[in-house]
file target-v2.csv (CSV, N, CA and C atoms)
chain,number,residue,atom,x,y,z
A,1,MET,N,-6.8,70.0,-13.4
A,1,MET,CA,-6.3,69.2,-12.3
A,1,MET,C,-5.1,68.3,-12.8
A,2,ALA,N,-5.1,67.9,-14.0
A,2,ALA,CA,-4.1,67.1,-14.5
A,2,ALA,C,-2.7,67.7,-14.5
A,3,TRP,N,-2.6,69.0,-14.7
A,3,TRP,CA,-1.3,69.7,-14.7
A,3,TRP,C,-0.7,69.6,-13.3
A,4,GLU,N,-1.5,69.8,-12.3
A,4,GLU,CA,-1.0,69.7,-10.9
A,4,GLU,C,-0.5,68.2,-10.6
A,5,LYS,N,-1.2,67.2,-11.1
A,5,LYS,CA,-0.8,65.8,-10.9
A,5,LYS,C,0.5,65.6,-11.6
A,6,MET,N,0.6,66.1,-12.8
A,6,MET,CA,1.9,65.9,-13.6
A,6,MET,C,3.0,66.6,-12.9
A,7,ALA,N,2.8,67.9,-12.5
A,7,ALA,CA,3.8,68.7,-11.8
A,7,ALA,C,4.3,68.0,-10.6
A,8,HIS,N,3.4,67.4,-9.8
A,8,HIS,CA,3.7,66.7,-8.6
A,8,HIS,C,4.5,65.5,-8.9
A,9,LEU,N,4.2,64.8,-9.9
A,9,LEU,CA,4.9,63.6,-10.3
A,9,LEU,C,6.3,63.9,-10.7
A,10,ILE,N,6.5,65.0,-11.5
A,10,ILE,CA,7.8,65.5,-11.9
A,10,ILE,C,8.7,65.8,-10.7
A,11,GLU,N,8.1,66.5,-9.7
A,11,GLU,CA,8.8,67.0,-8.5
A,11,GLU,C,9.2,65.8,-7.7
A,12,VAL,N,8.3,64.9,-7.4
A,12,VAL,CA,8.5,63.8,-6.5
A,12,VAL,C,9.3,62.7,-7.1
A,13,ASN,N,8.9,62.2,-8.3
A,13,ASN,CA,9.5,61.0,-8.9
A,13,ASN,C,10.8,61.3,-9.6
A,14,TYR,N,10.9,62.5,-10.2
A,14,TYR,CA,12.1,62.9,-11.0
A,14,TYR,C,13.0,63.9,-10.3
A,15,GLY,N,12.5,64.5,-9.2
A,15,GLY,CA,13.3,65.6,-8.5
A,15,GLY,C,13.4,66.8,-9.4
A,16,GLY,N,12.4,66.9,-10.3
A,16,GLY,CA,12.5,68.0,-11.3
A,16,GLY,C,12.0,69.4,-10.7
A,17,HIS,N,12.3,70.4,-11.5
A,17,HIS,CA,11.9,71.7,-11.1
A,17,HIS,C,10.5,72.0,-11.4
A,18,VAL,N,9.7,72.5,-10.4
A,18,VAL,CA,8.3,72.9,-10.6
A,18,VAL,C,8.3,74.3,-10.0
A,19,ASP,N,7.8,75.3,-10.8
A,19,ASP,CA,7.6,76.6,-10.3
A,19,ASP,C,6.1,76.8,-10.1
A,20,TRP,N,5.7,76.7,-8.8
A,20,TRP,CA,4.3,76.7,-8.5
A,20,TRP,C,3.8,78.1,-8.6
A,21,ASP,N,4.6,79.2,-8.5
A,21,ASP,CA,4.2,80.5,-8.6
A,21,ASP,C,3.9,80.9,-10.1
A,22,GLU,N,4.8,80.6,-10.9
A,22,GLU,CA,4.7,80.9,-12.3
A,22,GLU,C,3.9,79.8,-13.1
A,23,GLU,N,3.7,78.7,-12.4
A,23,GLU,CA,2.9,77.5,-12.9
A,23,GLU,C,3.5,76.9,-14.1
A,24,PHE,N,4.7,76.4,-14.0
A,24,PHE,CA,5.3,75.6,-15.0
A,24,PHE,C,6.2,74.5,-14.4
A,25,PHE,N,6.5,73.5,-15.1
A,25,PHE,CA,7.5,72.5,-14.7
A,25,PHE,C,8.4,72.2,-15.9
A,26,GLU,N,9.6,71.7,-15.6
A,26,GLU,CA,10.5,71.3,-16.7
A,26,GLU,C,10.4,69.8,-17.0
A,27,CYS,N,10.3,69.5,-18.3
A,27,CYS,CA,10.3,68.1,-18.7
A,27,CYS,C,11.6,67.5,-18.2
A,28,PRO,N,11.6,66.3,-17.5
A,28,PRO,CA,12.8,65.6,-17.1
A,28,PRO,C,13.7,65.1,-18.2
A,29,GLU,N,13.1,65.0,-19.4
A,29,GLU,CA,13.9,64.5,-20.6
A,29,GLU,C,14.5,65.6,-21.4
A,30,CYS,N,13.8,66.6,-21.7
A,30,CYS,CA,14.3,67.6,-22.6
A,30,CYS,C,14.6,69.0,-21.9
A,31,GLY,N,14.0,69.1,-20.7
A,31,GLY,CA,14.2,70.4,-19.9
A,31,GLY,C,13.4,71.6,-20.3
A,32,GLU,N,12.5,71.4,-21.3
A,32,GLU,CA,11.7,72.5,-21.8
A,32,GLU,C,10.6,72.7,-20.7
A,33,PRO,N,10.2,74.0,-20.5
A,33,PRO,CA,9.1,74.3,-19.6
A,33,PRO,C,7.8,74.0,-20.2
A,34,ILE,N,6.9,73.4,-19.3
A,34,ILE,CA,5.5,73.1,-19.7
A,34,ILE,C,4.6,73.9,-18.8
A,35,TYR,N,4.0,74.9,-19.4
A,35,TYR,CA,3.2,75.9,-18.6
A,35,TYR,C,1.8,75.4,-18.4
A,36,LYS,N,1.2,75.7,-17.2
A,36,LYS,CA,-0.2,75.3,-17.0
A,36,LYS,C,-1.1,76.0,-17.9
A,37,CYS,N,-0.9,77.3,-18.3
A,37,CYS,CA,-1.8,78.0,-19.2
A,37,CYS,C,-1.8,77.4,-20.6
A,38,ASP,N,-0.8,76.6,-21.0
A,38,ASP,CA,-0.8,75.9,-22.3
A,38,ASP,C,-1.2,74.5,-22.2
A,39,TRP,N,-1.5,74.0,-21.0
A,39,TRP,CA,-1.8,72.6,-20.8
A,39,TRP,C,-3.2,72.3,-21.3
A,40,GLN,N,-3.3,71.3,-22.1
A,40,GLN,CA,-4.6,70.8,-22.5
A,40,GLN,C,-4.6,69.3,-22.3
A,41,GLU,N,-5.5,68.8,-21.4
A,41,GLU,CA,-5.5,67.4,-21.0
A,41,GLU,C,-5.5,66.5,-22.2
A,42,GLU,N,-6.4,66.8,-23.2
A,42,GLU,CA,-6.5,65.9,-24.3
A,42,GLU,C,-5.2,65.9,-25.2
A,43,ASP,N,-4.4,66.9,-25.1
A,43,ASP,CA,-3.2,66.9,-25.8
A,43,ASP,C,-2.0,66.2,-25.2
A,44,TYR,N,-2.0,66.0,-23.9
A,44,TYR,CA,-0.9,65.5,-23.2
A,44,TYR,C,-1.1,64.1,-22.6
A,45,PHE,N,-2.1,63.4,-23.0
A,45,PHE,CA,-2.3,62.1,-22.5
A,45,PHE,C,-2.4,61.2,-23.7
A,46,MET,N,-1.9,60.0,-23.5
A,46,MET,CA,-2.1,58.9,-24.5
A,46,MET,C,-3.1,57.9,-23.9
A,47,GLY,N,-4.2,57.8,-24.4
A,47,GLY,CA,-5.2,56.9,-23.7
A,47,GLY,C,-6.2,57.7,-22.9
A,48,HIS,N,-6.9,57.0,-22.0
A,48,HIS,CA,-7.9,57.6,-21.2
A,48,HIS,C,-7.3,58.7,-20.3
A,49,PRO,N,-7.9,59.9,-20.1
A,49,PRO,CA,-7.4,61.0,-19.4
A,49,PRO,C,-7.0,60.6,-17.9
A,50,TYR,N,-7.7,59.7,-17.3
A,50,TYR,CA,-7.4,59.3,-15.9
A,50,TYR,C,-6.5,58.2,-15.8
A,51,TYR,N,-6.4,57.3,-16.8
A,51,TYR,CA,-5.6,56.1,-16.7
A,51,TYR,C,-4.5,56.1,-17.8
A,52,GLY,N,-4.4,57.1,-18.6
A,52,GLY,CA,-3.5,57.2,-19.7
A,52,GLY,C,-2.1,57.5,-19.3
A,53,THR,N,-1.2,57.6,-20.2
A,53,THR,CA,0.2,57.9,-20.0
A,53,THR,C,0.5,59.4,-20.3
A,54,PHE,N,1.2,60.0,-19.4
A,54,PHE,CA,1.6,61.4,-19.6
A,54,PHE,C,2.7,61.4,-20.6
A,55,TYR,N,2.8,62.4,-21.5
A,55,TYR,CA,4.0,62.5,-22.3
A,55,TYR,C,4.3,64.0,-22.5
A,56,CYS,N,5.5,64.3,-22.8
A,56,CYS,CA,5.9,65.7,-23.0
A,56,CYS,C,5.5,66.2,-24.4
A,57,PRO,N,4.8,67.3,-24.4
A,57,PRO,CA,4.3,67.8,-25.7
A,57,PRO,C,5.5,68.3,-26.6
A,58,VAL,N,6.6,68.6,-26.0
A,58,VAL,CA,7.8,69.1,-26.8
A,58,VAL,C,8.6,67.9,-27.4
A,59,CYS,N,9.1,67.1,-26.5
A,59,CYS,CA,10.0,66.0,-27.0
A,59,CYS,C,9.2,64.7,-27.2
A,60,GLU,N,8.0,64.6,-26.7
A,60,GLU,CA,7.1,63.4,-26.9
A,60,GLU,C,7.6,62.2,-26.1
A,61,SER,N,8.5,62.4,-25.1
A,61,SER,CA,8.9,61.4,-24.2
A,61,SER,C,7.8,61.0,-23.3
A,62,VAL,N,7.7,59.7,-23.0
A,62,VAL,CA,6.7,59.2,-22.0
A,62,VAL,C,7.2,59.5,-20.6
A,63,ILE,N,6.4,60.0,-19.8
A,63,ILE,CA,6.8,60.4,-18.4
A,63,ILE,C,5.8,59.6,-17.5
A,64,ASP,N,6.3,58.6,-16.8
A,64,ASP,CA,5.4,57.9,-15.9
A,64,ASP,C,6.0,57.8,-14.5
call {"tool": "encode", "arguments": {"input": "target-v2.csv", "output": "structure tokens"}}
result
Amino acid sequence: MAWEKMAHLIEVNYGGHVDWDEEFFECPECGEPIYKCDWQEEDYFMGHPYYGTFYCPVCESVID
């Protein structure tokens, strides 16, 4: 579920590209694709999984 929340945040707050069919979004900082199949909640949150901060696993930029 966290991937969907992150993808929606990228789409709405950043105007970023989300491919809902192929299930990936592009990081607004580095432009790298983040695929749902590679998404691990514990890897992409800093702090508590529901109240933590999202960050890009490629460039490690905080995305809020």
call {"tool": "atom_distance", "arguments": {"input": "target-v2.csv", "atom1": "atom CA of A:Val18", "atom2": "atom CA of A:Met6"}}
result
9.9 Å
call {"tool": "residues_around", "arguments": {"input": "target-v2.csv", "residues": "A:Gly15", "least_positions_apart": "5", "cutoff": "8 Å", "atoms": "only N, CA and C atoms", "output": "PyMOL selection string"}}
result
chain A and resi 9-10+28
call {"tool": "atom_distance", "arguments": {"input": "target-v2.csv", "atom1": "atom CA of A:Asn13", "atom2": "atom N of A:Thr53"}}
result
15.9 Å
call {"tool": "atom_distance", "arguments": {"input": "target-v2.csv", "atom1": "atom N of A:Gly31", "atom2": "atom C of A:Cys59"}}
result
9.2 Å
call {"tool": "residues_near_point", "arguments": {"input": "target-v2.csv", "point": "(8.4, 75.8, -19.5)", "cutoff": "9 Å", "atoms": "only C-alpha atoms", "output": "number ranges by chain"}}
result
A: 23-27, 31-36
call {"tool": "write_last_selection", "arguments": {"input": "target-v2.csv", "atoms": "N, CA and C atoms", "output": "compact mmCIF listing (two decimals), in the frame of the given file"}}
result
# COMPACT_ATOMS: atom_id res chain seq x y z
N GLU A 23 3.70 78.70 -12.40
CA GLU A 23 2.90 77.50 -12.90
C GLU A 23 3.50 76.90 -14.10
N PHE A 24 4.70 76.40 -14.00
CA PHE A 24 5.30 75.60 -15.00
C PHE A 24 6.20 74.50 -14.40
N PHE A 25 6.50 73.50 -15.10
CA PHE A 25 7.50 72.50 -14.70
C PHE A 25 8.40 72.20 -15.90
N GLU A 26 9.60 71.70 -15.60
CA GLU A 26 10.50 71.30 -16.70
C GLU A 26 10.40 69.80 -17.00
N CYS A 27 10.30 69.50 -18.30
CA CYS A 27 10.30 68.10 -18.70
C CYS A 27 11.60 67.50 -18.20
N GLY A 31 14.00 69.10 -20.70
CA GLY A 31 14.20 70.40 -19.90
C GLY A 31 13.40 71.60 -20.30
N GLU A 32 12.50 71.40 -21.30
CA GLU A 32 11.70 72.50 -21.80
C GLU A 32 10.60 72.70 -20.70
N PRO A 33 10.20 74.00 -20.50
CA PRO A 33 9.10 74.30 -19.60
C PRO A 33 7.80 74.00 -20.20
N ILE A 34 6.90 73.40 -19.30
CA ILE A 34 5.50 73.10 -19.70
C ILE A 34 4.60 73.90 -18.80
N TYR A 35 4.00 74.90 -19.40
CA TYR A 35 3.20 75.90 -18.60
C TYR A 35 1.80 75.40 -18.40
N LYS A 36 1.20 75.70 -17.20
CA LYS A 36 -0.20 75.30 -17.00
C LYS A 36 -1.10 76.00 -17.90
